[in-house]
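Visitor: I have a structure I would like to understand better, so I am pasting it below and will then ask my questions one at a time.
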Amino acid sequence: MSILIIKNANIITLDPHNTKAKSLLVRNGIIEKIWNKNEPHRTEVPDGPDIEILDLKGAALLPGFIDTHSHLLMYGQMLNYVDCRSPRNKISGDHHMYRCRCGP
């Protein structure tokens, strides 16, 4: 079980109430607690050897953003190509890409 405590941060939660936070606790990759103080009291956090403390010294912490957009024109052009990649080479992990034009 791994625990990460991030303290002295400017945490932007992006929740509907625009809540601001200063520290948080992550256990096994899941945010478990959020505090509006620079550092939680030691009674509020678990003890143990697997605890990492990260001091952001006032830096901002934002949620991870995943940009899944595609440009419509580029997407349409890619529909004209066939994926002709060979299977991955078991030794190097590489594969070769050949562009095959469809249509007239």
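Chain lettering (A, B, ...) mirrors the order of the structure tokens, residue numbering begins at 1 for each chain separately, and ligand numbering begins at 1 in order of display.
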Need the shell around stretch 50-53 of chain A: protein/DNA/RNA residues with any atom at most 9 Å away, counting only C-alpha atoms. Skip same-chain ones fewer than 3 positions apart. Format as JSON, numbers by chain?
Guide: {"A": [1, 2, 3, 4, 5, 6, 7, 46, 47]}
Visitor: Would you mind listing what lies within 10 Å of A:Ile34 as a list in words, with only C-alpha atoms counted and same-chain residues fewer than 2 positions away left out?
Guide: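 What passes the distance filter is Ile5, Ile6, Ile11, Thr13, Lys20, Ala21, Lys22, Ser23, Leu24, Leu25, Val26, Ile31, Glu32, Asn36, Lys37 and Pro40 of chain A.
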Visitor: Any chance you could export the current selection's N, CA and C atoms as a PDB file, in the first residue's frame?
Guide:
```
ATOM      1  N   ILE A   5       1.386  12.071   0.297  1.00  0.00           N
ATOM      2  CA  ILE A   5       0.794  13.280   0.867  1.00  0.00           C
ATOM      3  C   ILE A   5       1.396  14.467   0.128  1.00  0.00           C
ATOM      4  N   ILE A   6       0.546  15.266  -0.464  1.00  0.00           N
ATOM      5  CA  ILE A   6       0.981  16.487  -1.141  1.00  0.00           C
ATOM      6  C   ILE A   6       0.578  17.644  -0.245  1.00  0.00           C
ATOM      7  N   ILE A  11      -4.174  23.738  -4.802  1.00  0.00           N
ATOM      8  CA  ILE A  11      -4.893  22.671  -5.498  1.00  0.00           C
ATOM      9  C   ILE A  11      -6.187  23.206  -6.088  1.00  0.00           C
ATOM     10  N   THR A  13      -9.473  22.105  -7.693  1.00  0.00           N
ATOM     11  CA  THR A  13     -10.251  20.870  -7.741  1.00  0.00           C
ATOM     12  C   THR A  13     -11.198  20.787  -8.932  1.00  0.00           C
ATOM     13  N   LYS A  20     -11.094  25.306  -3.276  1.00  0.00           N
ATOM     14  CA  LYS A  20      -9.630  25.390  -3.275  1.00  0.00           C
ATOM     15  C   LYS A  20      -9.127  24.542  -2.116  1.00  0.00           C
ATOM     16  N   ALA A  21      -8.004  23.903  -2.307  1.00  0.00           N
ATOM     17  CA  ALA A  21      -7.431  23.067  -1.260  1.00  0.00           C
ATOM     18  C   ALA A  21      -5.934  23.342  -1.178  1.00  0.00           C
ATOM     19  N   LYS A  22      -5.336  22.889  -0.095  1.00  0.00           N
ATOM     20  CA  LYS A  22      -3.903  23.134   0.145  1.00  0.00           C
ATOM     21  C   LYS A  22      -3.096  21.839   0.272  1.00  0.00           C
ATOM     22  N   SER A  23      -3.741  20.729   0.644  1.00  0.00           N
ATOM     23  CA  SER A  23      -3.024  19.461   0.786  1.00  0.00           C
ATOM     24  C   SER A  23      -3.984  18.313   0.523  1.00  0.00           C
ATOM     25  N   LEU A  24      -3.408  17.159   0.188  1.00  0.00           N
ATOM     26  CA  LEU A  24      -4.245  15.987  -0.049  1.00  0.00           C
ATOM     27  C   LEU A  24      -3.470  14.711   0.214  1.00  0.00           C
ATOM     28  N   LEU A  25      -4.221  13.631   0.348  1.00  0.00           N
ATOM     29  CA  LEU A  25      -3.662  12.311   0.592  1.00  0.00           C
ATOM     30  C   LEU A  25      -4.115  11.380  -0.524  1.00  0.00           C
ATOM     31  N   VAL A  26      -3.156  10.690  -1.133  1.00  0.00           N
ATOM     32  CA  VAL A  26      -3.445   9.725  -2.191  1.00  0.00           C
ATOM     33  C   VAL A  26      -3.017   8.351  -1.688  1.00  0.00           C
ATOM     34  N   ILE A  31      -7.306   9.595  -4.725  1.00  0.00           N
ATOM     35  CA  ILE A  31      -7.348  10.695  -3.761  1.00  0.00           C
ATOM     36  C   ILE A  31      -8.346  10.318  -2.678  1.00  0.00           C
ATOM     37  N   GLU A  32      -7.861  10.282  -1.450  1.00  0.00           N
ATOM     38  CA  GLU A  32      -8.686   9.835  -0.327  1.00  0.00           C
ATOM     39  C   GLU A  32      -9.141  10.990   0.556  1.00  0.00           C
ATOM     40  N   ASN A  36      -8.000  21.930   3.449  1.00  0.00           N
ATOM     41  CA  ASN A  36      -7.838  23.339   3.093  1.00  0.00           C
ATOM     42  C   ASN A  36      -6.809  23.990   4.017  1.00  0.00           C
ATOM     43  N   LYS A  37      -5.792  23.257   4.379  1.00  0.00           N
ATOM     44  CA  LYS A  37      -4.686  23.786   5.168  1.00  0.00           C
ATOM     45  C   LYS A  37      -3.391  23.284   4.544  1.00  0.00           C
ATOM     46  N   PRO A  40      -1.686  18.682   6.693  1.00  0.00           N
ATOM     47  CA  PRO A  40      -2.601  18.044   7.638  1.00  0.00           C
ATOM     48  C   PRO A  40      -1.881  17.740   8.956  1.00  0.00           C
TER      49      PRO A  40
END
```
